[in-house]
file run_1.csv (CSV, C-alpha atoms)
chain,number,residue,atom,x,y,z
R,3,MET,CA,86.1,137.9,92.0
R,4,PRO,CA,87.9,135.0,93.7
R,5,GLU,CA,91.5,135.8,94.7
R,6,SER,CA,93.0,133.1,92.5
R,7,VAL,CA,91.1,134.2,89.4
R,8,SER,CA,92.0,137.9,89.9
R,9,GLU,CA,95.6,136.9,90.2
R,10,SER,CA,95.4,134.9,87.0
R,11,VAL,CA,93.9,138.0,85.3
R,12,SER,CA,96.7,140.1,86.6
R,13,ALA,CA,99.1,137.7,85.0
R,14,GLY,CA,97.2,138.1,81.7
R,15,GLN,CA,95.6,134.6,81.8
R,16,ASP,CA,92.0,134.0,82.8
R,17,ARG,CA,91.8,130.2,82.4
R,18,PRO,CA,88.7,128.9,84.0
R,19,GLU,CA,89.5,125.3,83.0
R,20,LEU,CA,92.5,125.3,85.3
R,21,GLN,CA,90.5,126.7,88.2
R,22,GLN,CA,87.9,124.1,87.6
R,23,ALA,CA,90.6,121.4,87.7
R,24,ILE,CA,91.9,122.4,91.1
R,25,GLU,CA,88.4,122.8,92.5
R,26,ALA,CA,87.6,119.3,91.4
R,27,ILE,CA,90.6,118.1,93.4
R,28,VAL,CA,89.2,119.8,96.5
R,29,ASP,CA,85.9,118.1,95.8
R,30,SER,CA,87.7,114.7,95.8
R,31,GLY,CA,88.7,115.2,99.5
R,32,PHE,CA,91.7,117.5,99.7
R,33,THR,CA,91.6,120.5,102.0
R,34,GLY,CA,93.2,122.9,99.6
R,35,VAL,CA,95.2,123.2,96.3
R,36,THR,CA,97.5,125.8,94.8
R,37,MET,CA,98.7,125.5,91.3
R,38,ARG,CA,101.0,127.5,89.0
R,39,VAL,CA,101.4,127.0,85.3
R,40,HIS,CA,103.9,128.5,82.9
R,41,ASP,CA,103.5,127.8,79.2
R,42,GLU,CA,103.2,129.4,75.8
R,43,ARG,CA,100.1,131.4,77.0
R,44,GLY,CA,102.0,133.0,79.9
R,45,HIS,CA,101.6,132.2,83.5
R,46,TRP,CA,98.6,131.4,85.7
R,47,VAL,CA,98.3,130.8,89.4
R,48,GLY,CA,95.3,129.9,91.4
R,49,SER,CA,94.1,128.2,94.6
R,50,ALA,CA,91.0,126.4,95.8
R,51,GLY,CA,89.7,125.0,99.1
R,52,VAL,CA,90.9,126.3,102.4
R,53,GLY,CA,94.3,126.8,104.0
R,54,GLU,CA,93.1,125.7,107.4
R,55,LEU,CA,90.3,123.5,108.7
R,56,GLY,CA,87.5,125.6,110.0
R,57,GLY,CA,88.7,128.6,108.1
R,58,SER,CA,87.4,130.3,104.9
R,59,ALA,CA,90.6,131.7,103.4
R,60,LYS,CA,92.1,129.9,100.4
R,61,PRO,CA,95.6,128.5,100.5
R,62,PRO,CA,98.0,131.4,99.9
R,63,THR,CA,99.3,131.2,96.3
R,64,GLU,CA,102.7,132.4,97.4
R,65,GLY,CA,102.7,130.2,100.5
R,66,ARG,CA,105.4,127.7,101.6
R,67,PHE,CA,104.8,124.0,102.1
R,68,ARG,CA,106.7,120.8,102.7
R,69,ILE,CA,107.6,119.4,99.3
R,70,GLY,CA,108.3,115.8,100.4
R,71,SER,CA,110.2,113.7,97.8
R,72,ASN,CA,110.7,116.7,95.5
R,73,THR,CA,113.6,117.1,97.8
R,74,LYS,CA,115.3,114.2,96.0
R,75,THR,CA,115.5,116.1,92.7
R,76,PHE,CA,117.2,119.0,94.5
R,77,THR,CA,119.6,116.6,96.1
R,78,ALA,CA,120.4,114.8,92.9
R,79,ALA,CA,121.1,118.1,91.2
R,80,LEU,CA,123.4,119.1,94.0
R,81,VAL,CA,125.3,115.8,93.8
R,82,LEU,CA,125.7,116.2,90.0
R,83,LEU,CA,127.0,119.7,90.4
R,84,LEU,CA,129.6,118.3,92.8
R,85,VAL,CA,130.4,115.7,90.1
R,86,ALA,CA,131.0,118.6,87.7
R,87,GLU,CA,133.4,120.2,90.3
R,88,GLY,CA,135.3,116.9,90.5
R,89,ARG,CA,134.5,116.3,94.2
R,90,ILE,CA,132.3,113.2,93.7
R,91,GLU,CA,132.8,110.4,91.2
R,92,LEU,CA,129.4,109.4,89.8
R,93,ASP,CA,130.5,105.7,89.2
R,94,GLY,CA,133.1,105.4,92.0
R,95,PRO,CA,132.4,103.6,95.2
R,96,ALA,CA,130.3,105.7,97.6
R,97,ASP,CA,132.3,104.0,100.3
R,98,ASP,CA,135.3,106.1,99.4
R,99,HIS,CA,133.6,109.0,101.2
R,100,LEU,CA,131.4,107.0,103.6
R,101,ALA,CA,133.8,104.4,105.0
R,102,GLU,CA,132.3,104.7,108.5
R,103,PHE,CA,129.3,102.6,107.3
R,104,GLY,CA,131.1,99.8,105.6
R,105,LEU,CA,129.0,100.0,102.5
R,106,ASP,CA,129.2,97.4,99.8
R,107,ARG,CA,132.0,98.7,97.5
R,108,ARG,CA,129.8,98.1,94.5
R,109,ILE,CA,127.4,100.9,95.6
R,110,THR,CA,128.1,104.1,93.6
R,111,ALA,CA,126.7,107.6,93.8
R,112,ARG,CA,124.7,106.8,90.6
R,113,MET,CA,123.1,103.9,92.4
R,114,LEU,CA,122.1,106.0,95.3
R,115,LEU,CA,120.5,108.6,93.0
R,116,GLN,CA,118.7,106.0,90.9
R,117,HIS,CA,117.5,103.7,93.7
R,118,THR,CA,119.5,100.7,92.4
R,119,SER,CA,121.7,100.2,95.5
R,120,GLY,CA,119.4,97.6,97.0
R,121,LEU,CA,119.6,99.2,100.5
R,122,PHE,CA,116.7,98.7,102.9
R,123,ASN,CA,114.3,101.7,103.0
R,124,PHE,CA,114.5,103.0,106.5
R,125,THR,CA,110.8,104.0,106.4
R,126,GLY,CA,109.9,100.3,105.8
R,127,GLU,CA,109.9,97.8,103.0
R,128,TYR,CA,106.8,96.5,101.2
R,129,TYR,CA,107.3,93.3,99.3
R,130,GLU,CA,105.4,91.9,96.3
R,131,ASP,CA,104.1,89.0,98.4
R,132,GLY,CA,102.5,91.4,100.9
R,133,THR,CA,105.3,91.1,103.5
R,134,VAL,CA,106.1,94.4,105.3
R,135,VAL,CA,109.3,94.9,107.2
R,136,PRO,CA,108.9,98.1,109.3
R,137,GLY,CA,111.5,100.8,109.7
R,138,ILE,CA,111.3,104.1,111.6
R,139,PRO,CA,107.8,104.9,112.9
R,140,TRP,CA,106.2,107.5,110.5
R,141,GLN,CA,102.5,106.7,110.8
R,142,GLY,CA,99.8,106.6,113.4
R,143,ARG,CA,99.8,107.9,116.9
R,144,ALA,CA,103.4,106.7,117.5
R,145,TRP,CA,104.6,109.2,114.9
R,146,VAL,CA,102.2,112.0,116.0
R,147,ASP,CA,103.4,111.7,119.6
R,148,ASN,CA,107.0,111.8,118.6
R,149,ARG,CA,107.0,114.1,115.7
R,150,PHE,CA,109.3,116.7,117.4
R,151,GLU,CA,112.1,114.2,118.1
R,152,THR,CA,115.4,114.7,116.3
R,153,HIS,CA,117.0,111.9,114.2
R,154,ARG,CA,120.5,112.2,112.9
R,155,PRO,CA,121.1,111.1,109.3
R,156,GLU,CA,123.7,108.6,110.5
R,157,GLU,CA,121.0,107.0,112.8
R,158,LEU,CA,118.7,106.5,109.8
R,159,VAL,CA,121.4,105.0,107.7
R,160,ARG,CA,122.5,102.6,110.5
R,161,LEU,CA,118.9,101.5,111.0
R,162,ALA,CA,118.7,100.7,107.2
R,163,LEU,CA,122.0,98.8,107.3
R,164,SER,CA,120.9,96.7,110.2
R,165,LYS,CA,118.3,95.1,107.8
R,166,PRO,CA,118.9,92.8,104.9
R,167,ALA,CA,119.4,94.4,101.5
R,168,ARG,CA,116.6,94.0,99.0
R,169,PHE,CA,119.0,92.9,96.2
R,170,ALA,CA,122.6,93.1,95.3
R,171,PRO,CA,123.8,96.5,94.1
R,172,GLY,CA,122.9,97.3,90.5
R,173,THR,CA,120.7,94.2,90.0
R,174,GLY,CA,117.3,95.8,90.5
R,175,TRP,CA,115.3,99.0,91.3
R,176,SER,CA,113.5,99.8,94.5
R,177,TYR,CA,112.6,103.2,95.9
R,178,SER,CA,114.5,103.8,99.1
R,179,ASN,CA,114.8,107.0,101.2
R,180,THR,CA,118.0,105.5,102.6
R,181,ASN,CA,119.7,106.3,99.2
R,182,TYR,CA,119.1,110.0,99.6
R,183,VAL,CA,120.2,110.2,103.2
R,184,LEU,CA,123.4,108.6,102.1
R,185,ALA,CA,123.6,111.1,99.2
R,186,ARG,CA,123.3,113.9,101.8
R,187,LEU,CA,126.2,112.4,103.8
R,188,LEU,CA,128.2,111.9,100.6
R,189,VAL,CA,127.9,115.6,99.9
R,190,GLU,CA,129.1,116.5,103.4
R,191,ARG,CA,132.0,114.1,103.5
R,192,ALA,CA,133.2,115.0,99.9
R,193,THR,CA,133.1,118.7,100.6
R,194,GLY,CA,133.7,119.0,104.3
R,195,ARG,CA,130.8,121.4,104.5
R,196,PRO,CA,127.2,121.0,105.8
R,197,PHE,CA,124.7,119.9,103.2
R,198,VAL,CA,122.6,123.0,103.7
R,199,GLU,CA,125.5,125.2,102.9
R,200,GLU,CA,126.3,123.3,99.7
R,201,MET,CA,122.7,123.4,98.6
R,202,GLN,CA,122.7,127.1,99.2
R,203,ARG,CA,125.9,127.6,97.3
R,204,LEU,CA,125.2,125.6,94.2
R,205,VAL,CA,121.4,125.5,93.8
R,206,LEU,CA,119.4,127.9,95.9
R,207,GLU,CA,121.5,131.1,95.6
R,208,PRO,CA,122.3,130.8,91.9
R,209,LEU,CA,118.6,130.3,91.1
R,210,GLY,CA,117.4,132.9,93.5
R,211,LEU,CA,115.2,130.4,95.4
R,212,SER,CA,114.5,132.6,98.4
R,213,GLY,CA,111.4,130.7,99.4
R,214,THR,CA,113.2,127.3,99.6
R,215,VAL,CA,114.9,126.0,102.7
R,216,VAL,CA,116.5,122.9,104.1
R,217,PRO,CA,114.9,122.9,107.5
R,218,GLU,CA,117.2,120.2,109.2
R,219,THR,CA,115.6,120.0,112.7
R,220,SER,CA,113.6,123.3,112.5
R,221,THR,CA,109.9,122.6,113.2
R,222,ASP,CA,108.2,125.7,111.8
R,223,ILE,CA,107.2,126.8,108.3
R,224,SER,CA,107.9,130.6,108.2
R,225,GLY,CA,105.7,133.0,106.3
R,226,PRO,CA,102.2,132.3,104.8
R,227,HIS,CA,101.4,128.6,104.5
R,228,ALA,CA,98.5,126.2,104.4
R,229,HIS,CA,98.1,123.7,107.2
R,230,ALA,CA,98.7,120.0,107.2
R,231,TYR,CA,96.7,117.4,109.2
R,232,TYR,CA,97.0,113.8,110.3
R,233,ARG,CA,94.1,111.6,111.5
R,234,TYR,CA,94.6,108.5,113.7
R,235,GLU,CA,92.5,106.2,115.8
R,236,ASP,CA,92.7,106.4,119.6
R,237,ALA,CA,90.5,104.2,121.8
R,238,GLY,CA,88.0,103.8,119.0
R,239,ARG,CA,87.8,107.5,118.2
R,240,GLN,CA,89.2,109.3,115.2
R,241,GLU,CA,91.5,112.1,116.2
R,242,THR,CA,92.7,114.8,113.8
R,243,VAL,CA,95.8,116.8,114.6
R,244,ASP,CA,97.5,119.8,113.0
R,245,VAL,CA,100.9,118.5,112.1
R,246,THR,CA,102.1,121.5,110.1
R,247,ARG,CA,104.8,121.9,112.8
R,248,GLN,CA,107.1,118.9,113.0
R,249,ASN,CA,110.8,118.0,113.1
R,250,PRO,CA,111.4,116.6,109.6
R,251,SER,CA,114.7,115.1,110.5
R,252,TRP,CA,112.9,111.7,110.6
R,253,ILE,CA,112.9,111.7,106.8
R,254,SER,CA,116.0,113.9,106.2
R,255,THR,CA,116.9,114.3,102.5
R,256,GLY,CA,114.3,111.7,101.7
R,257,GLY,CA,111.8,114.5,101.8
R,258,ASP,CA,112.4,117.3,104.3
R,259,MET,CA,112.6,120.5,102.2
R,260,ILE,CA,110.2,123.4,102.2
R,261,SER,CA,109.5,125.5,99.1
R,262,THR,CA,106.8,127.4,97.1
R,263,THR,CA,105.2,126.7,93.8
R,264,GLN,CA,107.1,129.7,92.3
R,265,ASP,CA,110.5,128.3,93.5
R,266,LEU,CA,109.6,124.8,92.2
R,267,HIS,CA,108.8,126.4,88.8
R,268,THR,CA,112.1,128.3,88.8
R,269,PHE,CA,114.0,125.1,89.7
R,270,ILE,CA,112.4,122.7,87.3
R,271,SER,CA,112.5,125.1,84.4
R,272,ALA,CA,116.2,125.9,85.0
R,273,LEU,CA,117.0,122.2,85.4
R,274,THR,CA,115.2,121.0,82.3
R,275,GLY,CA,116.1,124.1,80.3
R,276,GLY,CA,119.8,123.3,80.8
R,277,ARG,CA,120.6,126.3,83.0
R,278,LEU,CA,121.6,124.4,86.1
R,279,LEU,CA,123.6,121.3,85.1
R,280,PRO,CA,126.2,120.8,82.3
R,281,ALA,CA,124.5,119.1,79.3
R,282,PRO,CA,126.4,115.8,79.7
R,283,LEU,CA,125.3,115.5,83.3
R,284,LEU,CA,121.7,116.5,82.5
R,285,ALA,CA,121.8,113.6,80.0
R,286,GLU,CA,123.0,111.3,82.7
R,287,MET,CA,120.1,112.5,84.9
R,288,TYR,CA,117.6,111.5,82.2
R,289,GLU,CA,119.0,108.0,81.7
R,290,THR,CA,116.3,105.9,83.2
R,291,HIS,CA,116.0,102.5,84.8
R,292,PRO,CA,113.5,100.4,82.7
R,293,LYS,CA,111.5,99.2,85.7
R,294,ALA,CA,110.3,102.6,86.8
R,295,GLY,CA,111.4,105.2,84.2
R,296,TYR,CA,113.5,106.7,87.0
R,297,GLY,CA,116.7,108.6,86.2
R,298,LEU,CA,118.9,110.4,88.7
R,299,GLY,CA,116.3,112.0,91.0
R,300,VAL,CA,113.6,112.4,88.4
R,301,PHE,CA,111.0,110.3,86.6
R,302,VAL,CA,111.0,110.7,82.8
R,303,GLN,CA,107.4,110.1,82.1
R,304,ASP,CA,105.8,109.2,78.8
R,305,THR,CA,102.2,110.3,79.4
R,306,GLY,CA,100.8,108.3,76.5
R,307,ARG,CA,99.5,111.5,75.0
R,308,ASP,CA,100.9,112.3,71.6
R,309,GLY,CA,104.3,114.0,71.9
R,310,VAL,CA,104.1,114.6,75.7
R,311,THR,CA,107.1,113.6,77.8
R,312,LEU,CA,107.5,115.1,81.2
R,313,ILE,CA,110.3,115.4,83.7
R,314,THR,CA,108.8,115.1,87.1
R,315,HIS,CA,109.1,114.2,90.8
R,316,ASN,CA,106.2,114.5,93.2
R,317,GLY,CA,106.2,114.3,97.0
R,318,GLY,CA,104.0,113.9,100.0
R,319,ILE,CA,104.7,114.3,103.8
R,320,ALA,CA,102.0,114.1,106.5
R,321,GLY,CA,99.3,116.3,105.0
R,322,HIS,CA,101.4,118.3,102.6
R,323,GLY,CA,102.1,117.4,99.0
R,324,GLY,CA,104.1,118.9,96.1
R,325,LEU,CA,103.8,118.4,92.4
R,326,MET,CA,106.5,119.4,89.9
R,327,TYR,CA,106.4,118.8,86.2
R,328,GLY,CA,108.3,120.2,83.3
R,329,THR,CA,108.8,119.5,79.6
R,330,PRO,CA,112.3,118.5,78.5
R,331,ASP,CA,112.9,122.0,77.0
R,332,GLY,CA,112.1,123.8,80.2
R,333,LYS,CA,109.4,125.9,78.5
R,334,LYS,CA,106.3,124.5,80.1
R,335,THR,CA,105.9,123.7,83.8
R,336,LEU,CA,103.2,122.8,86.3
R,337,THR,CA,103.9,123.1,90.0
R,338,ALA,CA,101.3,122.6,92.8
R,339,SER,CA,100.9,122.2,96.5
R,340,LEU,CA,98.3,120.1,98.2
R,341,ASN,CA,97.1,120.2,101.8
R,342,TYR,CA,95.0,117.5,103.2
R,343,VAL,CA,94.2,115.2,106.2
R,344,ASP,CA,96.6,112.3,106.0
R,345,ASP,CA,96.2,108.9,107.9
R,346,ALA,CA,97.9,105.6,108.3
R,347,THR,CA,95.9,104.0,105.5
R,348,MET,CA,96.9,106.8,103.1
R,349,SER,CA,93.2,107.0,102.2
R,350,LEU,CA,93.8,109.8,99.8
R,351,ALA,CA,96.5,108.0,97.8
R,352,GLY,CA,94.1,107.1,95.0
R,353,ALA,CA,92.7,110.6,94.9
R,354,TYR,CA,96.3,111.9,94.9
R,355,GLN,CA,97.1,109.8,91.8
R,356,GLU,CA,93.9,110.9,90.1
R,357,ALA,CA,94.8,114.6,90.9
R,358,THR,CA,98.1,114.3,89.1
R,359,ARG,CA,96.4,112.8,86.1
R,360,THR,CA,93.7,115.5,86.1
R,361,LEU,CA,96.2,118.3,86.3
R,362,THR,CA,98.7,117.0,83.8
R,363,ALA,CA,96.0,116.3,81.3
R,364,ALA,CA,94.7,119.8,81.7
R,365,VAL,CA,98.1,121.5,81.4
R,366,PHE,CA,99.9,119.1,79.0
R,367,PRO,CA,97.0,117.7,76.8
R,368,THR,CA,99.2,117.4,73.6
R,369,ALA,CA,102.5,118.7,72.5
R,370,PRO,CA,104.5,119.1,69.3
R,371,SER,CA,106.9,116.3,68.6
R,372,THR,CA,109.5,116.5,71.3
R,373,PRO,CA,112.7,114.4,71.2
R,374,LYS,CA,113.2,112.0,74.1
R,375,PRO,CA,115.7,113.5,76.6
call {"tool": "encode", "arguments": {"input": "run_1.csv", "output": "structure tokens"}}
result
Amino acid sequence: MPESVSESVSAGQDRPELQQAIEAIVDSGFTGVTMRVHDERGHWVGSAGVGELGGSAKPPTEGRFRIGSNTKTFTAALVLLLVAEGRIELDGPADDHLAEFGLDRRITARMLLQHTSGLFNFTGEYYEDGTVVPGIPWQGRAWVDNRFETHRPEELVRLALSKPARFAPGTGWSYSNTNYVLARLLVERATGRPFVEEMQRLVLEPLGLSGTVVPETSTDISGPHAHAYYRYEDAGRQETVDVTRQNPSWISTGGDMISTTQDLHTFISALTGGRLLPAPLLAEMYETHPKAGYGLGVFVQDTGRDGVTLITHNGGIAGHGGLMYGTPDGKKTLTASLNYVDDATMSLAGAYQEATRTLTAAVFPTAPSTPKP
């Protein structure tokens, strides 16, 4: 019996439709998938594909992986916990703590968390007319060759501030990694302590997230893990490189954290279930901008299926991807890791979106009437 199915049986849930769903994702081009589901039927965990090109072993169901922009939800939760402690004012000028950058005084902590600051995205801006304004190199051979370099958060912010803002603060919405690097620095300036220590104190330790780390400049993923790959063209040839090891300081709190599907479940269920943030601040987190349905570090997603609203944030970073979904009551979650061969054209982007639709439809087909958060 396959490892993933035997594990699901040990959890009391033999659910072949879930195994089939993740196998279909591997068939669409991904190297491997691990998924964990907690719902009214208990819990299920399974994996499909391989953890390493050329190997035969499936991705480890308890393995660690780079979670990409799921990092933003952790960061938003941390900022809101510091709001609860009175160290940060949600609607006060971020410049009060970040005077070194000369930020527009209209920019608030809320705007950073909701992507309404208008600040240039240091990984590059893509405009509706097709114009692209590049930022820090994060694709192609240029990134592969320099993926062990260290970038300070302040360096990323100054790069962003050297470019024109996309819009005036509070007048629009545009996803920008710069906002979350500033949120990291806001935490450090407001507390006088390193971001990693505050994340450990207020989020990781209270929830027992022993598999989750803020790597800062560390290049390795410790313990069992699937591998991530990047493909680029060199002199007319396609080269595929194992990029599991990299220095994630180039993205910082825009997407640098490492976790497990179990820890993501624990985190999103505690968050949505009201066991992490005070109720008024959780309500603030769920207040969305109409352009994107984005609150403070989360998307509040109406799936279009009767009664199904999901609190979510997904992420991808150079061959690793993380999925994190929960119902507003915290009682039902889906967390998953994807490993794949990435490239500059993001050729699996369409398959990635289809994978999220496939899995959420399998796990959250319908639900009883649930009030909007």
call {"tool": "closest_residue", "arguments": {"input": "run_1.csv", "among": "R:Gly104, R:Gly172, R:Pro280, R:Pro208", "to": "R:Leu84", "atoms": "all atoms listed in the file"}}
result
R:Pro280
call {"tool": "residues_around", "arguments": {"input": "run_1.csv", "residues": "R:Glu218", "least_positions_apart": "5", "cutoff": "10 Å", "atoms": "all atoms listed in the file", "output": "MDAnalysis selection string"}}
result
chainID R and resid 152:155 197:198 249:255 258:259
call {"tool": "residues_around", "arguments": {"input": "run_1.csv", "residues": "R:Gly225", "least_positions_apart": "6", "cutoff": "10 Å", "atoms": "all atoms listed in the file", "output": "PyMOL selection string"}}
result
chain R and resi 64-67+213
call {"tool": "atom_distance", "arguments": {"input": "run_1.csv", "atom1": "atom CA of R:Thr362", "atom2": "atom CA of R:Asn72"}}
result
16.8 Å
call {"tool": "closest_residue", "arguments": {"input": "run_1.csv", "among": "R:Pro18, R:Gly44, R:Gly174, R:Pro292", "to": "R:Lys334", "atoms": "only C-alpha atoms"}}
result
R:Gly44
call {"tool": "residues_near_point", "arguments": {"input": "run_1.csv", "point": "(123.4, 122.9, 105.0)", "cutoff": "12 Å", "atoms": "only C-alpha atoms", "output": "MDAnalysis selection string"}}
result
chainID R and resid 77 80 186:187 189:190 193:206 215:219 254:255 259
call {"tool": "closest_residue", "arguments": {"input": "run_1.csv", "among": "R:Leu266, R:Val300, R:Leu278, R:Ile69", "to": "R:Asn341", "atoms": "all atoms listed in the file"}}
result
R:Ile69
call {"tool": "residues_around", "arguments": {"input": "run_1.csv", "residues": "stretch 164-166 of chain R", "least_positions_apart": "6", "cutoff": "9 Å", "atoms": "all atoms listed in the file", "output": "PyMOL selection string"}}
result
chain R and resi 121-122+124
call {"tool": "atom_distance", "arguments": {"input": "run_1.csv", "atom1": "atom CA of R:Leu83", "atom2": "atom CA of R:Tyr177"}}
result
22.6 Å
call {"tool": "atom_distance", "arguments": {"input": "run_1.csv", "atom1": "atom CA of R:Thr337", "atom2": "atom CA of R:Asn316"}}
result
9.5 Å
call {"tool": "closest_atom_pairs", "arguments": {"input": "run_1.csv", "of": "stretch 294-337 of chain R", "to": "stretch 262-265 of chain R", "cutoff": "9 Å", "atoms": "all atoms listed in the file", "output": "tab-separated table"}}
result
residue	atom	partner	partner_atom	distance
R:Gly324	CA	R:Thr263	CA	8.2
R:Leu325	CA	R:Thr263	CA	8.5
R:Met326	CA	R:Thr263	CA	8.4
R:Leu336	CA	R:Thr263	CA	8.7
R:Thr337	CA	R:Thr263	CA	5.4
call {"tool": "residues_around", "arguments": {"input": "run_1.csv", "residues": "stretch 349-354 of chain R", "least_positions_apart": "3", "cutoff": "10 Å", "atoms": "all atoms listed in the file", "output": "ChimeraX atom specification"}}
result
/R:27-28,30-32,318,321,323,340,342-346,357-360
call {"tool": "closest_residue", "arguments": {"input": "run_1.csv", "among": "R:Ser271, R:Gln141, R:Asn181, R:Thr110", "to": "R:Leu92", "atoms": "only C-alpha atoms"}}
result
R:Thr110
call {"tool": "closest_residue", "arguments": {"input": "run_1.csv", "among": "R:Ala96, R:Ala79, R:Val35, R:Leu163", "to": "R:Val47", "atoms": "only C-alpha atoms"}}
result
R:Val35
call {"tool": "residues_around", "arguments": {"input": "run_1.csv", "residues": "R:Arg149", "least_positions_apart": "3", "cutoff": "7 Å", "atoms": "all atoms listed in the file", "output": "number ranges by chain"}}
result
R: 145-146, 248-249
call {"tool": "closest_residue", "arguments": {"input": "run_1.csv", "among": "R:Ala320, R:Lys60, R:Pro330, R:Thr133", "to": "R:Ala285", "atoms": "all atoms listed in the file"}}
result
R:Pro330
call {"tool": "residues_near_point", "arguments": {"input": "run_1.csv", "point": "(133.2, 99.1, 95.0)", "cutoff": "6 Å", "atoms": "all atoms listed in the file", "output": "MDAnalysis selection string"}}
result
chainID R and resid 95 107:108
